[in-house]
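Encoded as structure tokens, the structure appears first; notes follow it.
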Protein chains: 4
Amino acid sequence: VANLTTLLDSIVERGRSLIGRAWEGARADPLELCAQLLSRRGEASGVALARDILDQLDAASVEDRRAFLRGLAVRFGADQARLAAAVEAWLQAPTATTETALHFAAEPRRQEVIRRLNQAPGGTTALVRLRADLLSIADENPDLRALDHDFAHLFSSWFNRGFLVPKRIDWTSPANVLEKIIAYEAVHEIRSWDDLRNRLEPPDRRCFAFFHPRLVDEPLVFVEIALTKAVPDAIAPLLDLSRTPLAPAQATTAVFYSISNTQNGLRGVSFGAFLIKQVVEELKRELPRLSTFVTLSPAPGFSAWLADERQATASRLPSAVRDALAPLDSAHWQDDATLVDKLRKPLLTAAAIYFLSAKTSSGRPIDPVARFHLGNGARLERLLMLADASPKGLAQSHGLMVNYVYDLDDIERNHEAFAERGEIAAHTAITRLVSAARRVAVES
Amino acid sequence: VANLTTLLDSIVERGRSLIGRAWEGARADPLELCAQLLSRRGEASGVALARDILDQLDAASVEDRRAFLRGLAVRFGADQARLAAAVEAWLQAPTATTETALHFAAEPRRQEVIRRLNQAPGGTTALVRLRADLLSIADENPDLRALDHDFAHLFSSWFNRGFLVPKRIDWTSPANVLEKIIAYEAVHEIRSWDDLRNRLEPPDRRCFAFFHPRLVDEPLVFVEIALTKAVPDAIAPLLDLSRTPLAPAQATTAVFYSISNTQNGLRGVSFGAFLIKQVVEELKRELPRLSTFVTLSPAPGFSAWLADERQATASRLPSAVRDALAPLDSAHWQDDATLVDKLRKPLLTAAAIYFLSAKTSSGRPIDPVARFHLGNGARLERLLMLADASPKGLAQSHGLMVNYVYDLDDIERNHEAFAERGEIAAHTAITRLVSAARRVAVES
Amino acid sequence: VANLTTLLDSIVERGRSLIGRAWEGARADPLELCAQLLSRRGEASGVALARDILDQLDAASVEDRRAFLRGLAVRFGADQARLAAAVEAWLQAPTATTETALHFAAEPRRQEVIRRLNQAPGGTTALVRLRADLLSIADENPDLRALDHDFAHLFSSWFNRGFLVPKRIDWTSPANVLEKIIAYEAVHEIRSWDDLRNRLEPPDRRCFAFFHPRLVDEPLVFVEIALTKAVPDAIAPLLDLSRTPLAPAQATTAVFYSISNTQNGLRGVSFGAFLIKQVVEELKRELPRLSTFVTLSPAPGFSAWLADERQATASRLPSAVRDALAPLDSAHWQDDATLVDKLRKPLLTAAAIYFLSAKTSSGRPIDPVARFHLGNGARLERLLMLADASPKGLAQSHGLMVNYVYDLDDIERNHEAFAERGEIAAHTAITRLVSAARRVAVES
Amino acid sequence: VANLTTLLDSIVERGRSLIGRAWEGARADPLELCAQLLSRRGEASGVALARDILDQLDAASVEDRRAFLRGLAVRFGADQARLAAAVEAWLQAPTATTETALHFAAEPRRQEVIRRLNQAPGGTTALVRLRADLLSIADENPDLRALDHDFAHLFSSWFNRGFLVPKRIDWTSPANVLEKIIAYEAVHEIRSWDDLRNRLEPPDRRCFAFFHPRLVDEPLVFVEIALTKAVPDAIAPLLDLSRTPLAPAQATTAVFYSISNTQNGLRGVSFGAFLIKQVVEELKRELPRLSTFVTLSPAPGFSAWLADERQATASRLPSAVRDALAPLDSAHWQDDATLVDKLRKPLLTAAAIYFLSAKTSSGRPIDPVARFHLGNGARLERLLMLADASPKGLAQSHGLMVNYVYDLDDIERNHEAFAERGEIAAHTAITRLVSAARRVAVES
């Protein structure tokens, strides 16, 4: 097989030499080549054209890549005449046949361009990278949104979970995969190979990832897990290089302390939820004594939200809570046990309100990590004071971290309540913090 | 990984138990479940629902499966209100945005049903089988054509050549793969494991196939090759169990004597052309002395066409040729050297006309094998008298076989001439047969 | 890796070209080359010489191979002068140093020849084959016994169980391995690929083998297993192509119905016992409900022994038993229910005596299969009347088969009792048959 | 297979429980257990005993391990009575039979102990480690030399080159293998994972190793290679992290700049020579343009030898040379271009004498690296002034490095000349330095 795959290159070379004649030595505009890609029906030259377009894009400047994307968006819409005719036919007789014809007539030709580019060796990888570029400029270019929709549509199909391959990552994994784990870890930075080894090699550590057959050696999403005897309330002990590992058979708890997506270009194509559930099942099977599956998660939006609320004229925070949060403004409060004690109640109350009451315009929690886990059917279990005292942790959430629990028996119910009615599953200790704050607010 | 994949089953089981509660013990109508599949947003129950639908279909009678397909075609069209609104919006302002909105609004909801069914373990395999059912009844049910279009559209995307994995099949391949080669061989039946071994194990034999990551151990298309010192003019010597193998380094010619698609359900998703080209490149690299790449192909439509022409009042066949073909009607003519000699000229002339002049309503060669190889850019090289004297060979083509040559330097040009202008690349010896026949016809 | 291994060939070629010069075109006597193999110290030419010797032997006639073996035995003994000196030194001062020196001085130089031949690509395979030749002539050539001792000694070291790799064989195994299973099955002939598939593919069938890293795709020993609900009393139902498979989870019993060694050349290097124990453990782990591990074994020496005893003047068989066995001489007694009934008691009594009392000159059971299983620590459990009514079964044992039970808790005790005191573990029903027969004999 | 191998543990556990009964709770002396290992014939308990002995040794103190080794050496010699009888028999009739009997009678029983220990899971690894211990004390314990001989003898058989598996090491290799490359690199320390990657990932770098099936993920010997356009004269540019890689197709020269054995316990079992030759062949095949295969090697004994010679009354060094070497004693001479220039001639002359004339008592070059490469048939090609200016390089060889050339056409001849007559293949520029020095010495 190895032999055959490198073959593709030589086929492409040959196809390219044929194209070459037509070009007379000069490199054609890649948008021109996309037009040829649609019109030519030759197999060999199709792949060669695709490869050539992708190679040009690979070597192009940022500006040229963006220009290409804009051209793709603008010049490869649907065939207007065909579309108009299909609309006309459907209006006259709205049958299954005219409807399907309308669907295909309205398909922007850029979808077929993307599909044909995907035939080139390395095509999927290049397209995922290209969409990352697109996302970086889509906000300022409303006319690119339709193109992004096309990418997302095709990627959903190609990265359908049925095509994903789950694999365990450990210290026997290839170095070129491991360096990507180091590079992509988004939650708790991996500082060195020793730090990485500390997360992979001890018997009480696990790491799982999804791969896709065409993105070789490229993890799409991965989750890091610690096996423990209790639900942890801080991150530092888990990452401590000098801790003594636990015998896995003695563990009762699996802690998902980091989950990272790696491919910007696959934004909106979700696999994280599925990975977590699959890993929960795998761990239960390997270690039947495990009874608790819990995250140790950051609250990345908390500090920003709290700053706003503390300054707002009309805040969700009772004024008593706001007043009690004043010590947050002293430098190094986290090192002063008295201040920490004083802050505990009001900070956790504010956090409870943040998670349960603060919503986006579409009625979902402000916190993105909360949206992810609650959307998966997890339950908000504990709010952890000063669980991440790193500079990043203090900056984004005043050190706050959170446990979400994955209880397989409740996942589905929680998920539906959340998805359909916006209900958040939370431990009563947290809901009580909110109701107590409300009572105080009303009473005061 | 092995562990993780079996996991999916247990996730599905759990999801199914959740669904189960809703069902109160009774199995729901699979079309109802498809409706749920679209409305529910739960991950776990989504996969479980998909699996359940596929399991029911797997156990269902042919009639029930067909009923399901009809229901899918009829009940899961586009949302009419949304589509009407999108049409209205586009008519008012035909922008990229309204166009894209129209495209997605016109997408039949059954496409999303099919995508979600694909998430189940074994989903792709089940869907390919389902489409095979669909194809068997689509002709009589015009309302199923739109559904077939949906399947074909999604399969083209999922079986994009970028996702295909080429592999060599040999005598060290797994038995469960080899038995499929035996079962699927469509051209020259493999009668036993010894016959199979004879096509795989000798040093002058090769077999290559395309696989897809989700159709495990299931070759999609495979080609059988003999390495020889000359272009063969009959099939029997190639399949002879007692022949002496040739040292591969001495071979000058690679003969593609059989190419078989295995999945009815993937009809219209073509990979054969690409496989042939890839194999040509692979063989050239392994054995640089190979200079000729040629098929030994059947002519499956020849007998039927010839029968028609001989009876037609207005035939493409000059009457002299028709008269000379009379001995074809004697039993066992093939065993009578005199008759064979007499028939040679007129039969090959008729064959030349069959390949070069007989066209379908859309202007393409009547012979399906010719359409395939000429469409790939091959050249019609030789017409071979009595090259397949098996009962099947005599029945379908009076024993005629054909060599098509794959010359990488001409493939692209031939392909384009054929695709765009219907021109057929053929050896002058064959074109001359046709012009000679015309001359005779004119002169007489 | 694949690349590198083929490399060895080219190194050998180069080395050979160097040797070639010395030979001046003529092929040297392989025994001469063995002498060079010991004297030359060149690495490259060492491997090349080894390969050349083995190639010559591979192409040689049976007679020439035997001549080579005789020459190896005679001409490559220990260096006599060195040995005499070492003996002298040891006699004068029998220390650890002189003792070790004596050991190495007495080592026949042919051991080093064999070790160096093993360096060639394919060397181990060739040497195993060579010893098979040796064994076929060793009986008539007492002077070859020392050479056989050398082979056995080195093979024990190279095929140390630590170097054996256990693998499951199933229907996804490579065809070139499976054809060896067909060829090597020594107990119940595999008649076709369908028969083989019937032993591998159903969910209630298992097959395991030991492999060695240097004998690629070559099973050394394999065992075939049926999962059942009861201890079987006949072979035919197990091999029935039309039976309905059992769900493995319902099985309580694992039946080892065939165990075959494949390499004559490894005679005396035992791995069968270890394979059985390893497979018992594996099955227990996969299917915890399995509680009984039992063989269904032939009694290959029974008919011959019984014929002798029936004719002997002084027989272990009581004359009453002998008389009752007379119907054995009628043709087709096995098809006559009355005769079968009459024969049951005396035949099983004779069998009990055969297994428990008939011994070789070294005090071990005459039956080779009994020696194997009892030596492994199994218990003789049941004698089965007409359990194998095939011509072979009737010929070798009047249709008798036997169950041996592997009970892991008793294996070690049974093994020791058998190895040290010759005690045979047997079910009381069988020992009672013997004592009843004795009583009868004494009383009569 | 994975499943089956872990099985061994459970067999061992069971065997151990049987042993346990005999021990009555207390752990037996491992030497006692070795005695049992020889006497017991049980398969299961044999492996369990072996494992238990190795586990005890694994947990034992250095002193206890040494005591064990001494006990093994002393208590497990040959059976004296049997040996005496065998000597007697041989003296009376020195036939092949008595000779073989003598050989086996003189075999120290500790060889069988070692073979049986090897049956335990992980046995080979444990034994290699044990011999490393043995080597560390063997010098002071002459009575251990016989035991070391036994280890060496068995390891030669088990690590016969036929059993070694060559593999390429690159940046896709498992991290647990790569960390061993970092740990074992003996020539030019690998300071970090970035340094390692710099030696593996660039297209003009290669690394190959030998593995053994039973020492999983444990390279036995590895060689690091740089592809260049010229024979290098210093090490620093090769290891430079910021250099621009060369396209492999442009390389003409393969530089073996580091070769490291990893297992002390395998001392005397040589595979390095074979690895180099195999890698030369592999590289020639992959990159046909490569024409030069050369090392860049240290001269680890040069400084020490030179210090001795400069102080000796009777030195091989002409006094003129000795005088001219005086600047070596100034600190930082290597940074002073004038001193370096002055030293060049005398230092290279001294080096030439060191390599060509300085011999051990057994007549072989003093320099161990020279012994290795010259013994492999390489040629001493160039002496490189200040090629390794690292502290280690200056300390061991005043910065001197050496190129040895591997020319496949001469390897065999060079090897034989060296092995049989002690002749050293060297470039005439080097031999001339020696003869010039001699002339000077004579003339002066």
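Each chain in the structure tokens gets a letter, A, B, ..., in the order shown, and its residues are numbered from 1; ligands are numbered from 1 in order too.
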* **In region 30-133 of chain D, DSSP alpha helix (DSSP H) residues written as a VMD selection string** => chain D and resid 30 to 39 43 to 59 62 to 75 80 to 92 96 to 106 109 to 117 123 to 133
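Applying a distance limit of 7 Å to only C-alpha atoms, the residues of chain D near chain A read Trp171, Thr172, Ser173, Pro174, Ala175 and Asn176 of chain D.
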* Just the residues within 9 Å of region 61-71 of chain D, please, counting only C-alpha atoms, with nothing from its chain fewer than 3 positions along; format it as a PyMOL selection string. => chain D and resi 30-31+57-58+74-76+130+133-134+137+141+143-144+147
* **Non-local contacts of region 117-121 of chain B (6 Å; only C-alpha atoms; under 3 positions in same chain excluded) as a VMD selection string** => (chain A and resid 161 to 162) or (chain B and resid 47 50 to 51 114 124)
I need the residues from that last selection saved to file as a short mmCIF file (atom, residue, chain, number, x, y, z; two decimals), in the first residue's frame (with all heavy atoms), if you can.
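Output below, filename selection-v1.cif:
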data_model
loop_
_atom_site.label_atom_id
_atom_site.label_comp_id
_atom_site.auth_asym_id
_atom_site.auth_seq_id
_atom_site.Cartn_x
_atom_site.Cartn_y
_atom_site.Cartn_z
N ARG A 161 -19.03 11.20 11.98
CA ARG A 161 -18.36 10.42 13.03
C ARG A 161 -18.10 8.98 12.62
O ARG A 161 -17.21 8.32 13.15
CB ARG A 161 -19.17 10.46 14.32
CG ARG A 161 -20.24 9.41 14.37
CD ARG A 161 -20.88 9.40 15.71
NE ARG A 161 -21.21 10.76 16.10
CZ ARG A 161 -22.29 11.08 16.80
NH1 ARG A 161 -23.09 10.14 17.20
NH2 ARG A 161 -22.55 12.32 17.11
N GLY A 162 -18.89 8.49 11.69
CA GLY A 162 -18.63 7.14 11.21
C GLY A 162 -17.24 6.98 10.60
O GLY A 162 -16.70 5.89 10.56
N VAL B 47 -27.04 7.99 17.38
CA VAL B 47 -26.38 6.79 16.89
C VAL B 47 -27.23 5.55 17.16
O VAL B 47 -27.35 4.66 16.32
CB VAL B 47 -24.99 6.65 17.53
CG1 VAL B 47 -24.33 5.35 17.10
CG2 VAL B 47 -24.11 7.82 17.16
N ALA B 50 -30.07 5.40 14.75
CA ALA B 50 -29.57 5.01 13.44
C ALA B 50 -29.35 3.50 13.39
O ALA B 50 -29.78 2.81 12.46
CB ALA B 50 -28.27 5.75 13.12
N ARG B 51 -28.71 2.99 14.41
CA ARG B 51 -28.44 1.56 14.45
C ARG B 51 -29.73 0.76 14.46
O ARG B 51 -29.87 -0.26 13.80
CB ARG B 51 -27.61 1.26 15.69
CG ARG B 51 -27.39 -0.20 15.96
CD ARG B 51 -26.52 -0.84 14.86
NE ARG B 51 -26.06 -2.14 15.29
CZ ARG B 51 -24.94 -2.33 15.98
NH1 ARG B 51 -24.14 -1.32 16.24
NH2 ARG B 51 -24.59 -3.54 16.38
N ILE B 114 -29.95 10.11 5.55
CA ILE B 114 -28.89 9.19 5.11
C ILE B 114 -27.58 9.51 5.83
O ILE B 114 -26.87 8.62 6.31
CB ILE B 114 -28.71 9.25 3.58
CG1 ILE B 114 -30.00 8.78 2.89
CG2 ILE B 114 -27.53 8.41 3.12
CD1 ILE B 114 -30.03 9.02 1.38
N THR B 124 -22.19 2.70 6.79
CA THR B 124 -21.89 2.84 5.37
C THR B 124 -22.20 1.55 4.62
O THR B 124 -22.82 1.56 3.56
CB THR B 124 -20.40 3.22 5.18
OG1 THR B 124 -20.09 4.32 6.04
CG2 THR B 124 -20.12 3.63 3.74
#
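Selecting strand (DSSP E or B) from the backbone DSSP output for region 134-241 of chain A yields Val165, Pro166, Lys167, Arg168, Pro174, Arg205, Arg206, Cys207, Phe208, Ala209, Phe210, Phe211, His212, Leu215, Val221, Phe222, Val223, Glu224, Ile225, Ala226, Leu227 and Thr228 of chain A.
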* **Close residues, region 96-112 of chain C itself excluded, 8 Å, only C-alpha atoms, min 6 positions apart in chain, as number ranges by chain** => C: 38, 72-73, 76-79, 82-83, 86-87, 89-90, 147, 150-151, 154; D: 74, 77-78, 99-100, 102-108, 143, 146
* **Ile411 (chain C) environment, 8 Å, only C-alpha atoms, sequence neighbours closer than 6 positions dropped, as a list of chain:residue names** => C:Asn376, C:Gly377, C:Ala378
* Structure fact -> Between D:Ala358, D:Ala236, D:Ser270, D:Thr262, smallest distance to Ala389 (chain D) by only C-alpha atoms belongs to D:Ala236
* Asked: Hey, can you check how far CA of Ile353 (chain D) sits from CA of Phe418 (chain D)?
  -> 16.9 Å
* **Shell around Leu196 (chain C) at 8 Å using only C-alpha atoms, local window under 5 positions removed, as a PyMOL selection string** => chain C and resi 182+190-191
With all heavy atoms kept, could you save the residues just selected as a PDB file, in the first residue's frame?
ATOM      1  N   ILE C 182      -4.340 -26.652   6.570  1.00  0.00           N
ATOM      2  CA  ILE C 182      -4.928 -27.770   5.817  1.00  0.00           C
ATOM      3  C   ILE C 182      -3.908 -28.888   5.633  1.00  0.00           C
ATOM      4  O   ILE C 182      -4.193 -30.058   5.875  1.00  0.00           O
ATOM      5  CB  ILE C 182      -5.429 -27.287   4.435  1.00  0.00           C
ATOM      6  CG1 ILE C 182      -6.587 -26.309   4.593  1.00  0.00           C
ATOM      7  CG2 ILE C 182      -5.846 -28.477   3.560  1.00  0.00           C
ATOM      8  CD1 ILE C 182      -7.127 -25.748   3.280  1.00  0.00           C
ATOM      9  N   ILE C 190      -8.454 -32.207   6.924  1.00  0.00           N
ATOM     10  CA  ILE C 190      -9.284 -31.114   6.423  1.00  0.00           C
ATOM     11  C   ILE C 190      -9.414 -31.328   4.922  1.00  0.00           C
ATOM     12  O   ILE C 190      -8.431 -31.294   4.191  1.00  0.00           O
ATOM     13  CB  ILE C 190      -8.654 -29.750   6.740  1.00  0.00           C
ATOM     14  CG1 ILE C 190      -8.473 -29.608   8.257  1.00  0.00           C
ATOM     15  CG2 ILE C 190      -9.517 -28.622   6.187  1.00  0.00           C
ATOM     16  CD1 ILE C 190      -7.845 -28.297   8.697  1.00  0.00           C
ATOM     17  N   ARG C 191     -10.642 -31.559   4.478  1.00  0.00           N
ATOM     18  CA  ARG C 191     -10.830 -32.029   3.111  1.00  0.00           C
ATOM     19  C   ARG C 191     -10.944 -30.911   2.082  1.00  0.00           C
ATOM     20  O   ARG C 191     -10.820 -31.137   0.885  1.00  0.00           O
ATOM     21  CB  ARG C 191     -12.060 -32.931   3.029  1.00  0.00           C
ATOM     22  CG  ARG C 191     -11.847 -34.289   3.692  1.00  0.00           C
ATOM     23  CD  ARG C 191     -13.151 -35.033   3.806  1.00  0.00           C
ATOM     24  NE  ARG C 191     -14.147 -34.228   4.503  1.00  0.00           N
ATOM     25  CZ  ARG C 191     -14.346 -34.231   5.823  1.00  0.00           C
ATOM     26  NH1 ARG C 191     -13.632 -35.043   6.579  1.00  0.00           N
ATOM     27  NH2 ARG C 191     -15.242 -33.456   6.372  1.00  0.00           N
TER      28      ARG C 191
END
* Asked: Distance CA of Ala417 (chain D)-CA of Thr360 (chain D), one decimal place?
  -> 17.4 Å
* Point-to-point distance from CA of Ala132 (chain D) to CA of Tyr257 (chain D), Å rounded to tenths -> 26.3 Å
